[in-house]
Amino acid sequence: LLPGYPFFCAAVYALTGHSHTVLILLQCAIAALACLQIRAIGLLAFPDPRVAEAAAWLVAFHPGLIHFSSRLYSLTLTLFVFLWALWSWLIFSRSPNRRHALHAGFSSGLTLLTRGTLSLFILLMLVWSLRKIPRPRWKLLGIVCMTMALVVAPWLVRNAVVLHHFPVFITTSGQSFWQGNNPRSSGSSRLPDGSSALSALPEELARQLPRDEIGQNR
């Protein structure tokens with residue numbers, strides 16, 4: 001699991017004496033801020049402000065976001081950092097300067113620490129920026145990449161020290177392979193009866209399953 005959401009929960013619990021209520025209220029506030037983020041992005045991307053307003057209202061009443069904002073799940077925080085990164089990239093492409101480059105790199109780094117699969121989005125934004133930003137300003141993309149690397153580096157170093165394997169961004173992806181090869185697999189980590197897909201592996205398959213996460217990935 002990437003550290004973004006667990007660290008967020010740990011910080012809230014440390015400051016509030018492990019208050020579950022405060023954590024849920026903060027997630028609801030973050031979900032509300034996502035509506036404003038969508039509006040800000042819409043104002044940058046579309047000439048008609050009504051598009052931005054409509055998008056914000058759609059996010060406000062999105063059933064999935066309403067549901068997960070009241071659950072201990074990373075989706076709300078993931079959406080927030082992703083929209084923050086997208087907004088900062090749009091600002092950077094319109095006004096490429098050092099401050100906006102640092103902002104884009106910092107928000108992108110936090111996004112990667114929250115959901116690693118968003119690395120594809122970062123790559124697309126880099127390619128897109130090469131077309132939008134004048135060639136003399138391309139060196140600012142180096143600042144974006146360096147800032148992003150500095151934000152992500154502590155996690156990679158931590159993994160190298162703890163797991164003696166570098167680089168490891170996320171170590172649980174191998175579990176999906178073993179869960180999917182379970183003949184009883186339902187497509188999720190849990191079977192219909194509520195048991196873990198890994199714990200319900202057939203005996204022959206279980207003997208092949210390495211106990212450590214690095215072994216499972218390999």
# chains A, B, ... in the order shown; residues from 1 in each chain; ligands from 1

$ residues_around --residues "A:Val59" --least-positions-apart "4" --cutoff "12 Å" --atoms "only C-alpha atoms" --output "MDAnalysis selection string"
chainID A and resid 31:39 52:55 63:66 76 79:80 83

$ residues_around --residues "A:Thr78" --least-positions-apart "6" --cutoff "8 Å" --atoms "only C-alpha atoms" --output "MDAnalysis selection string"
chainID A and resid 111 114:115

$ write_last_selection --atoms "all heavy atoms" --output "PDB file, in the first residue's frame"
ATOM      1  N   THR A 111       0.614  12.902  -5.616  1.00  0.00           N
ATOM      2  CA  THR A 111      -0.303  12.024  -6.348  1.00  0.00           C
ATOM      3  C   THR A 111       0.286  10.629  -6.493  1.00  0.00           C
ATOM      4  O   THR A 111      -0.399   9.625  -6.279  1.00  0.00           O
ATOM      5  CB  THR A 111      -0.606  12.615  -7.735  1.00  0.00           C
ATOM      6  OG1 THR A 111      -1.232  13.895  -7.583  1.00  0.00           O
ATOM      7  CG2 THR A 111      -1.533  11.712  -8.530  1.00  0.00           C
ATOM      8  N   THR A 114       0.057   8.547  -3.459  1.00  0.00           N
ATOM      9  CA  THR A 114      -1.300   8.179  -3.069  1.00  0.00           C
ATOM     10  C   THR A 114      -1.861   7.084  -3.957  1.00  0.00           C
ATOM     11  O   THR A 114      -2.554   6.179  -3.493  1.00  0.00           O
ATOM     12  CB  THR A 114      -2.222   9.409  -3.121  1.00  0.00           C
ATOM     13  OG1 THR A 114      -1.656  10.458  -2.327  1.00  0.00           O
ATOM     14  CG2 THR A 114      -3.609   9.090  -2.583  1.00  0.00           C
ATOM     15  N   ARG A 115      -1.567   7.142  -5.243  1.00  0.00           N
ATOM     16  CA  ARG A 115      -2.045   6.121  -6.183  1.00  0.00           C
ATOM     17  C   ARG A 115      -1.020   5.982  -7.300  1.00  0.00           C
ATOM     18  O   ARG A 115      -0.916   6.840  -8.172  1.00  0.00           O
ATOM     19  CB  ARG A 115      -3.392   6.515  -6.752  1.00  0.00           C
ATOM     20  CG  ARG A 115      -3.966   5.531  -7.743  1.00  0.00           C
ATOM     21  CD  ARG A 115      -4.482   4.269  -7.087  1.00  0.00           C
ATOM     22  NE  ARG A 115      -5.682   4.521  -6.292  1.00  0.00           N
ATOM     23  CZ  ARG A 115      -6.414   3.568  -5.722  1.00  0.00           C
ATOM     24  NH1 ARG A 115      -6.049   2.300  -5.857  1.00  0.00           N
ATOM     25  NH2 ARG A 115      -7.481   3.851  -5.018  1.00  0.00           N
TER      26      ARG A 115
END

$ select_by_dssp --residues "stretch 127-195 of chain A" --states "helix (DSSP H, G or I)" --output "PyMOL selection string"
chain A and resi 127-132+135-137+139-163+173-180

$ atom_distance --atom1 "atom CA of A:Val51" --atom2 "atom CA of A:Ser95"
22.6 Å

$ closest_residue --among "A:His165, A:Ile133, A:Leu112, A:Ser107" --to "A:Arg94" --atoms "only C-alpha atoms"
A:Ile133

$ atom_distance --atom1 "atom CA of A:Ser93" --atom2 "atom CA of A:Val151"
21.0 Å

$ closest_atom_pairs --of "stretch 37-151 of chain A" --to "stretch 4-8 of chain A" --cutoff "7 Å" --atoms "only C-alpha atoms" --output "tab-separated table"
residue	atom	partner	partner_atom	distance
A:Ser74	CA	A:Tyr5	CA	5.7
A:Leu77	CA	A:Tyr5	CA	6.9
A:Leu113	CA	A:Gly4	CA	5.2
A:Thr114	CA	A:Gly4	CA	4.3

$ write_last_selection --atoms "C-alpha atoms" --output "compact mmCIF listing (two decimals), in the first residue's frame"
# COMPACT_ATOMS: atom_id res chain seq x y z
CA SER A 74 -8.46 6.18 -0.09
CA LEU A 77 -7.93 11.64 -0.96
CA LEU A 113 2.47 8.55 -3.26
CA THR A 114 -1.30 8.18 -3.07

$ residues_around --residues "A:Cys145" --least-positions-apart "6" --cutoff "12 Å" --atoms "only C-alpha atoms" --output "PyMOL selection string"
chain A and resi 101-109+122-123+125-126+138-139+151-153

$ write_last_selection --atoms "all heavy atoms" --output "compact mmCIF listing (two decimals), in the first residue's frame"
# COMPACT_ATOMS: atom_id res chain seq x y z
N ALA A 101 6.20 25.54 -11.82
CA ALA A 101 6.88 24.26 -12.03
C ALA A 101 7.04 23.51 -10.70
O ALA A 101 6.84 22.29 -10.63
CB ALA A 101 8.23 24.49 -12.69
N LEU A 102 7.43 24.24 -9.65
CA LEU A 102 7.55 23.62 -8.33
C LEU A 102 6.21 23.09 -7.85
O LEU A 102 6.12 22.00 -7.27
CB LEU A 102 8.11 24.63 -7.34
CG LEU A 102 9.57 25.04 -7.52
CD1 LEU A 102 9.92 26.22 -6.62
CD2 LEU A 102 10.50 23.86 -7.23
N HIS A 103 5.16 23.86 -8.08
CA HIS A 103 3.82 23.46 -7.68
C HIS A 103 3.39 22.18 -8.41
O HIS A 103 2.86 21.25 -7.80
CB HIS A 103 2.84 24.60 -7.97
CG HIS A 103 1.45 24.36 -7.46
ND1 HIS A 103 0.37 25.09 -7.87
CD2 HIS A 103 0.96 23.43 -6.59
CE1 HIS A 103 -0.71 24.65 -7.27
NE2 HIS A 103 -0.39 23.64 -6.49
N ALA A 104 3.62 22.14 -9.72
CA ALA A 104 3.25 20.96 -10.50
C ALA A 104 4.03 19.73 -10.04
O ALA A 104 3.49 18.63 -9.94
CB ALA A 104 3.47 21.22 -11.98
N GLY A 105 5.32 19.90 -9.78
CA GLY A 105 6.14 18.78 -9.34
C GLY A 105 5.74 18.27 -7.96
O GLY A 105 5.67 17.06 -7.73
N PHE A 106 5.45 19.20 -7.04
CA PHE A 106 5.08 18.81 -5.68
C PHE A 106 3.74 18.07 -5.67
O PHE A 106 3.61 17.00 -5.06
CB PHE A 106 4.99 20.05 -4.78
CG PHE A 106 4.63 19.75 -3.36
CD1 PHE A 106 5.55 19.20 -2.50
CD2 PHE A 106 3.35 20.02 -2.88
CE1 PHE A 106 5.22 18.90 -1.17
CE2 PHE A 106 3.00 19.73 -1.58
CZ PHE A 106 3.93 19.18 -0.71
N SER A 107 2.74 18.61 -6.36
CA SER A 107 1.43 17.95 -6.38
C SER A 107 1.49 16.61 -7.11
O SER A 107 0.82 15.66 -6.71
CB SER A 107 0.39 18.87 -7.05
OG SER A 107 0.77 19.18 -8.39
N SER A 108 2.32 16.52 -8.14
CA SER A 108 2.46 15.24 -8.85
C SER A 108 3.12 14.20 -7.96
O SER A 108 2.76 13.01 -7.99
CB SER A 108 3.28 15.44 -10.13
OG SER A 108 2.63 16.32 -11.02
N GLY A 109 4.10 14.61 -7.18
CA GLY A 109 4.75 13.68 -6.25
C GLY A 109 3.78 13.14 -5.22
O GLY A 109 3.76 11.94 -4.94
N ILE A 122 0.87 11.36 -15.23
CA ILE A 122 2.01 12.28 -15.15
C ILE A 122 2.81 12.23 -16.45
O ILE A 122 3.23 13.27 -16.98
CB ILE A 122 2.91 11.91 -13.95
CG1 ILE A 122 2.11 11.93 -12.65
CG2 ILE A 122 4.09 12.87 -13.87
CD1 ILE A 122 1.49 13.25 -12.29
N LEU A 123 3.02 11.04 -16.98
CA LEU A 123 3.75 10.89 -18.24
C LEU A 123 3.03 11.61 -19.37
O LEU A 123 3.65 12.32 -20.18
CB LEU A 123 3.93 9.41 -18.57
CG LEU A 123 4.65 9.08 -19.88
CD1 LEU A 123 6.07 9.65 -19.86
CD2 LEU A 123 4.68 7.58 -20.12
N MET A 125 1.00 14.15 -19.14
CA MET A 125 1.08 15.59 -18.93
C MET A 125 2.45 16.13 -19.33
O MET A 125 2.58 17.24 -19.85
CB MET A 125 0.78 15.94 -17.48
CG MET A 125 -0.66 15.68 -17.06
SD MET A 125 -1.88 16.51 -18.12
CE MET A 125 -1.52 18.24 -17.81
N LEU A 126 3.50 15.35 -19.10
CA LEU A 126 4.84 15.76 -19.52
C LEU A 126 4.91 15.88 -21.05
O LEU A 126 5.44 16.86 -21.58
CB LEU A 126 5.88 14.77 -19.02
CG LEU A 126 6.30 14.88 -17.55
CD1 LEU A 126 7.14 13.68 -17.14
CD2 LEU A 126 7.07 16.18 -17.31
N TRP A 138 11.49 24.80 -21.83
CA TRP A 138 11.46 23.37 -21.55
C TRP A 138 12.29 23.00 -20.32
O TRP A 138 12.01 21.99 -19.67
CB TRP A 138 11.97 22.59 -22.76
CG TRP A 138 10.95 22.41 -23.83
CD1 TRP A 138 9.69 22.95 -23.87
CD2 TRP A 138 11.08 21.62 -25.02
NE1 TRP A 138 9.04 22.58 -25.01
CE2 TRP A 138 9.86 21.75 -25.74
CE3 TRP A 138 12.08 20.83 -25.56
CZ2 TRP A 138 9.63 21.11 -26.96
CZ3 TRP A 138 11.86 20.19 -26.77
CH2 TRP A 138 10.64 20.33 -27.46
N LYS A 139 13.28 23.81 -20.00
CA LYS A 139 14.11 23.49 -18.82
C LYS A 139 13.27 23.50 -17.54
O LYS A 139 13.65 22.86 -16.55
CB LYS A 139 15.27 24.48 -18.70
CG LYS A 139 14.84 25.93 -18.49
CD LYS A 139 16.04 26.84 -18.42
CE LYS A 139 15.62 28.31 -18.21
NZ LYS A 139 16.81 29.20 -18.15
N VAL A 151 10.00 14.49 -3.78
CA VAL A 151 8.85 14.13 -2.96
C VAL A 151 8.73 12.61 -2.83
O VAL A 151 8.42 12.08 -1.76
CB VAL A 151 7.56 14.72 -3.56
CG1 VAL A 151 6.32 14.23 -2.81
CG2 VAL A 151 7.61 16.25 -3.53
N VAL A 152 9.00 11.89 -3.91
CA VAL A 152 8.83 10.44 -3.94
C VAL A 152 10.03 9.71 -3.34
O VAL A 152 9.90 8.60 -2.81
CB VAL A 152 8.58 9.97 -5.39
CG1 VAL A 152 8.56 8.45 -5.49
CG2 VAL A 152 7.27 10.55 -5.92
N ALA A 153 11.22 10.35 -3.39
CA ALA A 153 12.46 9.68 -3.00
C ALA A 153 12.44 9.06 -1.61
O ALA A 153 12.91 7.92 -1.44
CB ALA A 153 13.63 10.65 -3.13

$ closest_residue --among "A:Ala197, A:Ile143, A:Leu124, A:Ile41" --to "A:Gln179" --atoms "only C-alpha atoms"
A:Ala197

$ closest_residue --among "A:Gly42, A:Leu25, A:Met148, A:Val162" --to "A:Trp57" --atoms "only C-alpha atoms"
A:Gly42

$ closest_residue --among "A:Ile24, A:Ile214, A:Leu44, A:Leu130" --to "A:Ser69" --atoms "only C-alpha atoms"
A:Ile24

$ atom_distance --atom1 "atom CA of A:Phe92" --atom2 "atom CA of A:Leu140"
9.5 Å

$ decode --residues "stretch 187-201 of chain A" --atoms "all heavy atoms" --output "short mmCIF file (atom, residue, chain, number, x, y, z; two decimals), in the first residue's frame"
data_model
loop_
_atom_site.label_atom_id
_atom_site.label_comp_id
_atom_site.auth_asym_id
_atom_site.auth_seq_id
_atom_site.Cartn_x
_atom_site.Cartn_y
_atom_site.Cartn_z
N GLY A 187 -13.07 -12.07 -8.59
CA GLY A 187 -12.67 -10.79 -9.17
C GLY A 187 -12.31 -9.75 -8.14
O GLY A 187 -12.03 -8.60 -8.48
N SER A 188 -12.30 -10.11 -6.88
CA SER A 188 -11.92 -9.15 -5.83
C SER A 188 -11.06 -9.88 -4.80
O SER A 188 -10.78 -11.08 -4.92
CB SER A 188 -13.16 -8.54 -5.18
OG SER A 188 -13.58 -9.29 -4.07
N SER A 189 -10.66 -9.15 -3.77
CA SER A 189 -9.83 -9.75 -2.73
C SER A 189 -10.63 -10.65 -1.80
O SER A 189 -10.05 -11.39 -1.01
CB SER A 189 -9.16 -8.64 -1.90
OG SER A 189 -8.33 -7.84 -2.72
N ARG A 190 -11.96 -10.57 -1.88
CA ARG A 190 -12.82 -11.37 -1.03
C ARG A 190 -13.70 -12.29 -1.86
O ARG A 190 -14.14 -11.93 -2.95
CB ARG A 190 -13.72 -10.47 -0.17
CG ARG A 190 -12.94 -9.60 0.82
CD ARG A 190 -12.48 -10.41 2.00
NE ARG A 190 -11.61 -9.63 2.89
CZ ARG A 190 -11.03 -10.13 3.97
NH1 ARG A 190 -11.24 -11.40 4.30
NH2 ARG A 190 -10.25 -9.38 4.73
N LEU A 191 -13.95 -13.46 -1.34
CA LEU A 191 -14.86 -14.40 -1.97
C LEU A 191 -16.29 -14.10 -1.51
O LEU A 191 -16.48 -13.36 -0.54
CB LEU A 191 -14.46 -15.83 -1.61
CG LEU A 191 -13.05 -16.25 -2.05
CD1 LEU A 191 -12.76 -17.68 -1.61
CD2 LEU A 191 -12.87 -16.09 -3.55
N PRO A 192 -17.30 -14.66 -2.19
CA PRO A 192 -18.69 -14.37 -1.80
C PRO A 192 -19.01 -14.66 -0.34
O PRO A 192 -19.87 -14.00 0.25
CB PRO A 192 -19.50 -15.29 -2.74
CG PRO A 192 -18.64 -15.42 -3.95
CD PRO A 192 -17.23 -15.46 -3.44
N ASP A 193 -18.31 -15.63 0.28
CA ASP A 193 -18.58 -15.94 1.68
C ASP A 193 -17.82 -15.03 2.64
O ASP A 193 -17.91 -15.18 3.87
CB ASP A 193 -18.25 -17.40 1.99
CG ASP A 193 -16.78 -17.73 1.74
OD1 ASP A 193 -16.00 -16.81 1.42
OD2 ASP A 193 -16.41 -18.92 1.89
N GLY A 194 -17.05 -14.06 2.08
CA GLY A 194 -16.33 -13.10 2.92
C GLY A 194 -14.91 -13.47 3.24
O GLY A 194 -14.16 -12.66 3.80
N SER A 195 -14.48 -14.67 2.89
CA SER A 195 -13.11 -15.09 3.17
C SER A 195 -12.14 -14.48 2.18
O SER A 195 -12.52 -14.05 1.09
CB SER A 195 -13.01 -16.62 3.13
OG SER A 195 -13.36 -17.11 1.84
N SER A 196 -10.87 -14.43 2.57
CA SER A 196 -9.83 -13.87 1.70
C SER A 196 -9.54 -14.80 0.53
O SER A 196 -9.46 -16.02 0.69
CB SER A 196 -8.55 -13.64 2.52
OG SER A 196 -7.45 -13.40 1.67
N ALA A 197 -9.37 -14.19 -0.65
CA ALA A 197 -9.06 -14.99 -1.84
C ALA A 197 -7.71 -15.68 -1.70
O ALA A 197 -7.50 -16.78 -2.23
CB ALA A 197 -9.09 -14.11 -3.09
N LEU A 198 -6.78 -15.04 -0.99
CA LEU A 198 -5.46 -15.67 -0.80
C LEU A 198 -5.54 -16.83 0.17
O LEU A 198 -4.91 -17.87 -0.03
CB LEU A 198 -4.46 -14.62 -0.29
CG LEU A 198 -3.88 -13.67 -1.33
CD1 LEU A 198 -2.94 -12.67 -0.66
CD2 LEU A 198 -3.13 -14.42 -2.42
N SER A 199 -6.32 -16.68 1.23
CA SER A 199 -6.41 -17.76 2.23
C SER A 199 -7.17 -18.96 1.70
O SER A 199 -7.07 -20.07 2.24
CB SER A 199 -7.08 -17.24 3.50
OG SER A 199 -8.43 -16.88 3.24
N ALA A 200 -7.96 -18.76 0.63
CA ALA A 200 -8.77 -19.85 0.08
C ALA A 200 -8.13 -20.49 -1.13
O ALA A 200 -8.80 -21.18 -1.90
CB ALA A 200 -10.16 -19.32 -0.28
N LEU A 201 -6.83 -20.28 -1.33
CA LEU A 201 -6.15 -20.90 -2.46
C LEU A 201 -6.17 -22.43 -2.33
O LEU A 201 -6.03 -22.96 -1.22
CB LEU A 201 -4.70 -20.43 -2.53
CG LEU A 201 -4.43 -19.01 -3.04
CD1 LEU A 201 -2.95 -18.68 -2.89
CD2 LEU A 201 -4.85 -18.87 -4.49
#
